[in-house]
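I have placed the structure first, in the form of structure tokens, so that the comments after it can refer back to it.
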Number of protein chains: 2
Amino acid sequence: MTSAAHESVTTDNETADRGTGRAIVTDTSVKATFGDDPVAGVEAMADDARVAARALGRATRAWKDRALLTIADRIEHKQDVILAANAKDLERGRVEGISEALLDRLKLDAARVVALADSLRELAALPDPVGSVVRGRTLPNGLRMRQVRVPMGVVGAIYEARPNVTVDIAGIALKSGNAVLLRGGSAAEESNRALVGIIRDSLSDVKLPMDCVQSIDEYGREGANALMAARGKVDVLIPRGGHGLIQSVVQNAKVPVIETGEGNVHLFVDASAPKDMAVKIAVNAKTHRTSTCNTTETLLMHSGFPHGAAVLAALDKAGVTLHVDERAEQLLPAGRQHLRATDEDWGTEYLSMDLAVKIVDDLDEALAHIERWTTRHTEAIVTNDLANAERFTAEIDAAAVMVNASTRFTDGQQLGLGAEIGISTQKMHARGPMGLEELTTTKWIVQGDGHIRA
Amino acid sequence: MTSAAHESVTTDNETADRGTGRAIVTDTSVKATFGDDPVAGVEAMADDARVAARALGRATRAWKDRALLTIADRIEHKQDVILAANAKDLERGRVEGISEALLDRLKLDAARVVALADSLRELAALPDPVGSVVRGRTLPNGLRMRQVRVPMGVVGAIYEARPNVTVDIAGIALKSGNAVLLRGGSAAEESNRALVGIIRDSLSDVKLPMDCVQSIDEYGREGANALMAARGKVDVLIPRGGHGLIQSVVQNAKVPVIETGEGNVHLFVDASAPKDMAVKIAVNAKTHRTSTCNTTETLLMHSGFPHGAAVLAALDKAGVTLHVDERAEQLLPAGRQHLRATDEDWGTEYLSMDLAVKIVDDLDEALAHIERWTTRHTEAIVTNDLANAERFTAEIDAAAVMVNASTRFTDGQQLGLGAEIGISTQKMHARGPMGLEELTTTKWIVQGDGHIRA
């Protein structure tokens, strides 16, 4: 936990055994180094991160990629250490009675460990956003100006108990030249400690400052609060998790935040929608992976669409629980299991096999319903009417608007942006899937020959 | 103050006299329309702004330019109304004893009114950022995706008593497709009311919603607080003014803020700096216009630079009050008037003919001093050493870094970006001069032919 720059990084552990038996770096307590006070501790760690970030910001792409590949190899090599730590988390989670769904997100196994390593290798293969010239020209007075992409500096991340997020965020931060302070959920404490230790050892191996990646988990909830308050010390804070976590960060942080991930997503089936396309997209958008933020939560169907019953039958057959309004109810076979939708349904991001269904009389009613309930994440239309497709894409105010495609495509990988750190639902800085570029800022570099203003 | 979209905007006042005698629209009280409660009033105005923004967001460039040109013409035509209102502000200001400097910023005259109109005509000549495709491609699966620039929506602005800012911000917001809620300083209340009235009349003339531009000044300080708290209703808030105003907004706002304008700017004269260039740039960077945020506030000179005395003599001759450290003191002729610099000087944005001066022994010391005191606005080096120029531009963490050019060039107009709404000193969203593009966000538009995720 020293602030050594890469030229002078301590390499004591270079000579140590890298077998599974060796103690990993963060087994040395953060509190032992920085003291018990969460505010002072987190601020000191942020200062160390700033120094580390300066060295990392000047590292070449080749150097950063070497770090990522080294981490990937070590994660595979240390699989036993990781799985042993994860087993402790799972055991504690079972004792504390956390849900099966959460346990599944928390759980690592051999295949998932390999997937973690592979995600870092994919990251290494992506281009480096740092140093790219966004725009530039020579002004009439001869000044040469260029706007160059540079790392943000120090990034904070607050997320829920998913060990893969630890590796994801650390990897994306490193590739984009940023130091990162991680606050993972306490349920994944042991897993995260093992992973952060492996990452820091690997950084040390390739002579990058270990403090590029630090965990503040030892400071618990108070540490998270200190991170949110560290304006000037942390350049941007990214919350990743459910509604409660994100809103808590957005409301309380003094540090600039990028709001991510809430998706009350609508699919509007227009009167002219081809039957097969409507069925196929509705089923995929709802059932492909229900726990994701780009899953459709409300289906709006035009009253003039003649195949509403077929769409609902297909959804029902796929196991979807339908929450229908009065008119949609009439499209169901008599006696079919269903629920009646209320305003609560229109406002709910189910993240489950539930779907709210409403019949609307025209595009205007669909647009008004969406504007009333949208979280501005993803909205979709299925239509063969060009004018309606144009109006829908122009008038919907959301990060992503789909025409004749599943809402599930709002995803960095799917859209070919590479790695994704989250999906921004705010308008400032980043909107939609955030990749490497979204963790950078720019710097104007202006060169003259003694230019002064007249 | 109706929420009418452009199709149905009231045109009652179309038939009214447009001579100087006619009552202007915002002479109808905001409180009479929205009630006395600042929170409810500002939120209702923000809702109207959202409706107006939707219509404006779909307006063509030609339409928006027509609005700008109409406002420009009317500002000139209504010069008497504007100057009469301004005279009231000036008179009240004198009674209340505000400083001559503030009175000068507040004051309008015939030439300044023409300048206001001309700035809108220049804005009309600039390209429209809305609708430009930031990136786009066809994915391997045949999905067509494009990221398109769209307006933010509703912009808030809180600024000090300068009537020209009212016109600047309203113009930039309109051109970039955003509705704006303005909170000007109370010292410019009458001037701002006249200008906002003229702008709203002009919008009505060209059949754009008047509520694209609204002033919340009647709600005073509590209105400003309500604006800062209106998360979800206001997309971005821009403070423009001094340190106190900006920090108050940054600390208190729940709405995303773009921090602007504080500039504790350094100029470093390296050992190899050509004498004439160092003298010319130092004098220009300090004295060209001292009240601006890109004015140099601290001069750092390398102890090996042989012409330090000449630089200080030139600054002294130009009327600069020097606040020097012990070694810089030795470069002054015996008996020359000066002050000794303290830590307070290193941290002060003078905005006057004062300059702090420090001698450093090498580039590292200069970089460390800057990192300690910078506001990350603009930093400059004068040098003929390529390696030092490269290190300076790489290692300084600021919105703009100048090599052999005056710090005064950090300016939207000077850098050829056109109109400027402020200079961002934060890293998120915008960094450096903010023009039209910085008031926009993006939207992903994805088109398929029934695409689903496998």
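We name chains A, B, ... following the order of the structure tokens; residues begin at 1 in each chain, and ligands are numbered from 1 as shown.
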>> Select, as a ChimeraX atom specification, those residues of chain A with any atom no more than 6 Å from chain B (distances computed using only C-alpha atoms).
In response: /A:277,399-406,427-429,441,443-452
Dump N, CA and C atoms for the selected residues as a PDB file, in the first residue's frame?
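Writing done, so here's result37.pdb:
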```
ATOM      1  N   MET A 277     -42.442 -11.373 -36.300  1.00  0.00           N
ATOM      2  CA  MET A 277     -41.428 -10.501 -35.709  1.00  0.00           C
ATOM      3  C   MET A 277     -41.853 -10.049 -34.311  1.00  0.00           C
ATOM      4  N   ALA A 399     -31.538   6.351 -23.627  1.00  0.00           N
ATOM      5  CA  ALA A 399     -30.162   6.071 -24.048  1.00  0.00           C
ATOM      6  C   ALA A 399     -30.136   5.275 -25.345  1.00  0.00           C
ATOM      7  N   ALA A 400     -31.098   4.353 -25.512  1.00  0.00           N
ATOM      8  CA  ALA A 400     -31.129   3.535 -26.724  1.00  0.00           C
ATOM      9  C   ALA A 400     -32.561   3.353 -27.202  1.00  0.00           C
ATOM     10  N   VAL A 401     -32.750   3.454 -28.493  1.00  0.00           N
ATOM     11  CA  VAL A 401     -34.058   3.245 -29.100  1.00  0.00           C
ATOM     12  C   VAL A 401     -33.896   2.172 -30.179  1.00  0.00           C
ATOM     13  N   MET A 402     -34.734   1.130 -30.094  1.00  0.00           N
ATOM     14  CA  MET A 402     -34.626   0.000 -31.006  1.00  0.00           C
ATOM     15  C   MET A 402     -35.803  -0.007 -31.974  1.00  0.00           C
ATOM     16  N   VAL A 403     -35.532  -0.290 -33.217  1.00  0.00           N
ATOM     17  CA  VAL A 403     -36.593  -0.523 -34.188  1.00  0.00           C
ATOM     18  C   VAL A 403     -36.443  -1.957 -34.687  1.00  0.00           C
ATOM     19  N   ASN A 404     -37.485  -2.762 -34.458  1.00  0.00           N
ATOM     20  CA  ASN A 404     -37.494  -4.145 -34.935  1.00  0.00           C
ATOM     21  C   ASN A 404     -36.293  -4.955 -34.450  1.00  0.00           C
ATOM     22  N   ALA A 405     -35.932  -4.727 -33.193  1.00  0.00           N
ATOM     23  CA  ALA A 405     -34.855  -5.518 -32.583  1.00  0.00           C
ATOM     24  C   ALA A 405     -35.161  -5.659 -31.096  1.00  0.00           C
ATOM     25  N   SER A 406     -34.669  -6.722 -30.511  1.00  0.00           N
ATOM     26  CA  SER A 406     -34.881  -6.988 -29.090  1.00  0.00           C
ATOM     27  C   SER A 406     -34.198  -5.922 -28.240  1.00  0.00           C
ATOM     28  N   LYS A 427     -27.679  11.810 -18.803  1.00  0.00           N
ATOM     29  CA  LYS A 427     -27.360  12.461 -20.062  1.00  0.00           C
ATOM     30  C   LYS A 427     -25.959  13.046 -20.080  1.00  0.00           C
ATOM     31  N   MET A 428     -25.430  13.336 -18.910  1.00  0.00           N
ATOM     32  CA  MET A 428     -24.105  13.929 -18.864  1.00  0.00           C
ATOM     33  C   MET A 428     -23.025  12.889 -19.036  1.00  0.00           C
ATOM     34  N   HIS A 429     -22.010  13.248 -19.811  1.00  0.00           N
ATOM     35  CA  HIS A 429     -20.765  12.492 -19.973  1.00  0.00           C
ATOM     36  C   HIS A 429     -20.914  11.218 -20.796  1.00  0.00           C
ATOM     37  N   THR A 441     -11.303  11.407 -20.003  1.00  0.00           N
ATOM     38  CA  THR A 441     -11.692  12.779 -20.260  1.00  0.00           C
ATOM     39  C   THR A 441     -10.742  13.291 -21.345  1.00  0.00           C
ATOM     40  N   LYS A 443      -7.966  16.614 -22.773  1.00  0.00           N
ATOM     41  CA  LYS A 443      -7.098  17.723 -22.410  1.00  0.00           C
ATOM     42  C   LYS A 443      -6.792  18.482 -23.705  1.00  0.00           C
ATOM     43  N   TRP A 444      -6.932  19.802 -23.686  1.00  0.00           N
ATOM     44  CA  TRP A 444      -6.526  20.596 -24.843  1.00  0.00           C
ATOM     45  C   TRP A 444      -5.025  20.863 -24.753  1.00  0.00           C
ATOM     46  N   ILE A 445      -4.325  20.569 -25.840  1.00  0.00           N
ATOM     47  CA  ILE A 445      -2.908  20.911 -25.904  1.00  0.00           C
ATOM     48  C   ILE A 445      -2.736  21.940 -27.018  1.00  0.00           C
ATOM     49  N   VAL A 446      -2.214  23.099 -26.640  1.00  0.00           N
ATOM     50  CA  VAL A 446      -2.119  24.220 -27.570  1.00  0.00           C
ATOM     51  C   VAL A 446      -0.653  24.600 -27.714  1.00  0.00           C
ATOM     52  N   GLN A 447      -0.156  24.582 -28.960  1.00  0.00           N
ATOM     53  CA  GLN A 447       1.249  24.918 -29.169  1.00  0.00           C
ATOM     54  C   GLN A 447       1.388  26.153 -30.043  1.00  0.00           C
ATOM     55  N   GLY A 448       2.203  27.087 -29.567  1.00  0.00           N
ATOM     56  CA  GLY A 448       2.436  28.306 -30.319  1.00  0.00           C
ATOM     57  C   GLY A 448       3.915  28.570 -30.491  1.00  0.00           C
ATOM     58  N   ASP A 449       4.229  29.747 -30.996  1.00  0.00           N
ATOM     59  CA  ASP A 449       5.613  30.162 -31.176  1.00  0.00           C
ATOM     60  C   ASP A 449       5.763  31.549 -30.563  1.00  0.00           C
ATOM     61  N   GLY A 450       5.228  31.688 -29.350  1.00  0.00           N
ATOM     62  CA  GLY A 450       5.225  32.994 -28.705  1.00  0.00           C
ATOM     63  C   GLY A 450       3.922  33.728 -28.938  1.00  0.00           C
ATOM     64  N   HIS A 451       2.846  32.983 -29.222  1.00  0.00           N
ATOM     65  CA  HIS A 451       1.555  33.619 -29.502  1.00  0.00           C
ATOM     66  C   HIS A 451       0.994  34.364 -28.289  1.00  0.00           C
ATOM     67  N   ILE A 452       0.519  35.576 -28.535  1.00  0.00           N
ATOM     68  CA  ILE A 452      -0.204  36.320 -27.496  1.00  0.00           C
ATOM     69  C   ILE A 452      -1.518  36.822 -28.080  1.00  0.00           C
TER      70      ILE A 452
END
```
>> So that I can check the surroundings of Asp168 (chain A), please list as a ChimeraX atom specification every protein, DNA and RNA residue that reaches within 12 Å of it, counting only C-alpha atoms and ignoring chain neighbours fewer than 5 positions away.
In response: /A:68,71-72,115-123,157,159,162-163,173-175,180,182,192,195-196,199,213,240,418-422,435-436
>> Taking 3 positions as the minimum chain separation for residues in the same chain, which residues sit within 12 Å of Met301 (chain A) when counting only C-alpha atoms? Answer as a count of residues only.
In response: 43
>> Could you list, as an MDAnalysis selection string, every residue within 8 Å of Asp65 (chain A), counting only C-alpha atoms and ignoring same-chain residues fewer than 4 positions away?
In response: chainID A and resid 61 69 124:125 175
Keeping only all heavy atoms, write the selected residues as an mmCIF file, in the first residue's frame.
```
data_model
loop_
_atom_site.group_PDB
_atom_site.id
_atom_site.type_symbol
_atom_site.label_atom_id
_atom_site.label_comp_id
_atom_site.auth_asym_id
_atom_site.auth_seq_id
_atom_site.Cartn_x
_atom_site.Cartn_y
_atom_site.Cartn_z
ATOM 1 N N ARG A 61 0.181 1.387 -23.967
ATOM 2 C CA ARG A 61 -0.810 0.327 -24.095
ATOM 3 C C ARG A 61 -0.166 -1.035 -23.873
ATOM 4 O O ARG A 61 -0.729 -1.894 -23.178
ATOM 5 C CB ARG A 61 -1.450 0.357 -25.490
ATOM 6 C CG ARG A 61 -2.327 -0.860 -25.701
ATOM 7 C CD ARG A 61 -3.010 -0.972 -27.023
ATOM 8 N NE ARG A 61 -3.597 -2.312 -27.097
ATOM 9 C CZ ARG A 61 -4.253 -2.791 -28.113
ATOM 10 N NH1 ARG A 61 -4.449 -2.040 -29.186
ATOM 11 N NH2 ARG A 61 -4.748 -4.024 -28.095
ATOM 12 N N LEU A 69 -2.842 -9.291 -18.956
ATOM 13 C CA LEU A 69 -2.566 -10.701 -19.256
ATOM 14 C C LEU A 69 -1.935 -11.403 -18.059
ATOM 15 O O LEU A 69 -2.209 -12.580 -17.798
ATOM 16 C CB LEU A 69 -1.666 -10.804 -20.496
ATOM 17 C CG LEU A 69 -2.298 -10.246 -21.780
ATOM 18 C CD1 LEU A 69 -1.296 -10.271 -22.935
ATOM 19 C CD2 LEU A 69 -3.565 -11.026 -22.147
ATOM 20 N N ALA A 124 -7.498 -6.852 -23.126
ATOM 21 C CA ALA A 124 -6.149 -6.556 -23.619
ATOM 22 C C ALA A 124 -6.149 -6.410 -25.137
ATOM 23 O O ALA A 124 -5.362 -5.648 -25.706
ATOM 24 C CB ALA A 124 -5.178 -7.657 -23.183
ATOM 25 N N ALA A 125 -7.050 -7.097 -25.790
ATOM 26 C CA ALA A 125 -7.093 -7.050 -27.258
ATOM 27 C C ALA A 125 -7.771 -5.783 -27.780
ATOM 28 O O ALA A 125 -7.678 -5.473 -28.970
ATOM 29 C CB ALA A 125 -7.822 -8.285 -27.794
ATOM 30 N N LYS A 175 -7.012 -0.589 -18.077
ATOM 31 C CA LYS A 175 -6.827 -0.401 -19.523
ATOM 32 C C LYS A 175 -7.004 1.063 -19.912
ATOM 33 O O LYS A 175 -6.333 1.565 -20.811
ATOM 34 C CB LYS A 175 -7.828 -1.277 -20.280
ATOM 35 C CG LYS A 175 -7.781 -1.144 -21.789
ATOM 36 C CD LYS A 175 -6.711 -2.023 -22.437
ATOM 37 C CE LYS A 175 -6.578 -1.745 -23.918
ATOM 38 N NZ LYS A 175 -5.960 -2.857 -24.656
#
```
> Taking into account only C-alpha atoms, which residue in the set B:Lys88, B:Ser176, B:Ile169, B:Leu102 is nearest to Ala59 (chain B)?
Replying inline: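 For Ala59 (chain B), the nearest of the given residues is B:Ser176.
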>> When you look at Ser215 (chain B) with a cut-off of 10 Å (counting only C-alpha atoms), what residues show up, excluding the ones that are within fewer than 2 positions of it in the same chain? I need them as a ChimeraX atom specification.
In response: /B:26,30,42,45,156-157,166,180-184,189,192-193,196-197,211,213,217-219
>> I'd like to know which of A:Ile423, A:Leu203, A:Ala224, A:Val133 is closest to Ile158 (chain A), using only C-alpha atoms.
In response: A:Ala224
Give me the residues within 9 Å of Glu190 (chain A) as a short mmCIF file (atom, residue, chain, number, x, y, z; two decimals) with C-alpha atoms, in the first residue's frame, counting only C-alpha atoms and dropping any in the same chain fewer than 2 places off.
```cif
data_model
loop_
_atom_site.label_atom_id
_atom_site.label_comp_id
_atom_site.auth_asym_id
_atom_site.auth_seq_id
_atom_site.Cartn_x
_atom_site.Cartn_y
_atom_site.Cartn_z
CA ILE A 82 -10.08 -17.88 -5.20
CA ALA A 84 -11.49 -21.33 -1.21
CA ALA A 85 -12.20 -17.66 -0.44
CA ASN A 86 -15.45 -17.83 -2.40
CA ALA A 87 -16.49 -20.95 -0.47
CA LYS A 88 -16.18 -18.97 2.78
CA ASP A 89 -18.42 -16.23 1.37
CA SER A 186 -19.65 -7.36 2.14
CA ALA A 187 -21.18 -10.70 1.15
CA ALA A 188 -18.31 -11.15 -1.34
CA ASN A 192 -12.90 -9.79 -3.44
CA ARG A 193 -9.94 -9.75 -1.09
CA ALA A 194 -8.42 -12.73 -2.89
CA LEU A 195 -9.02 -11.18 -6.32
#
```
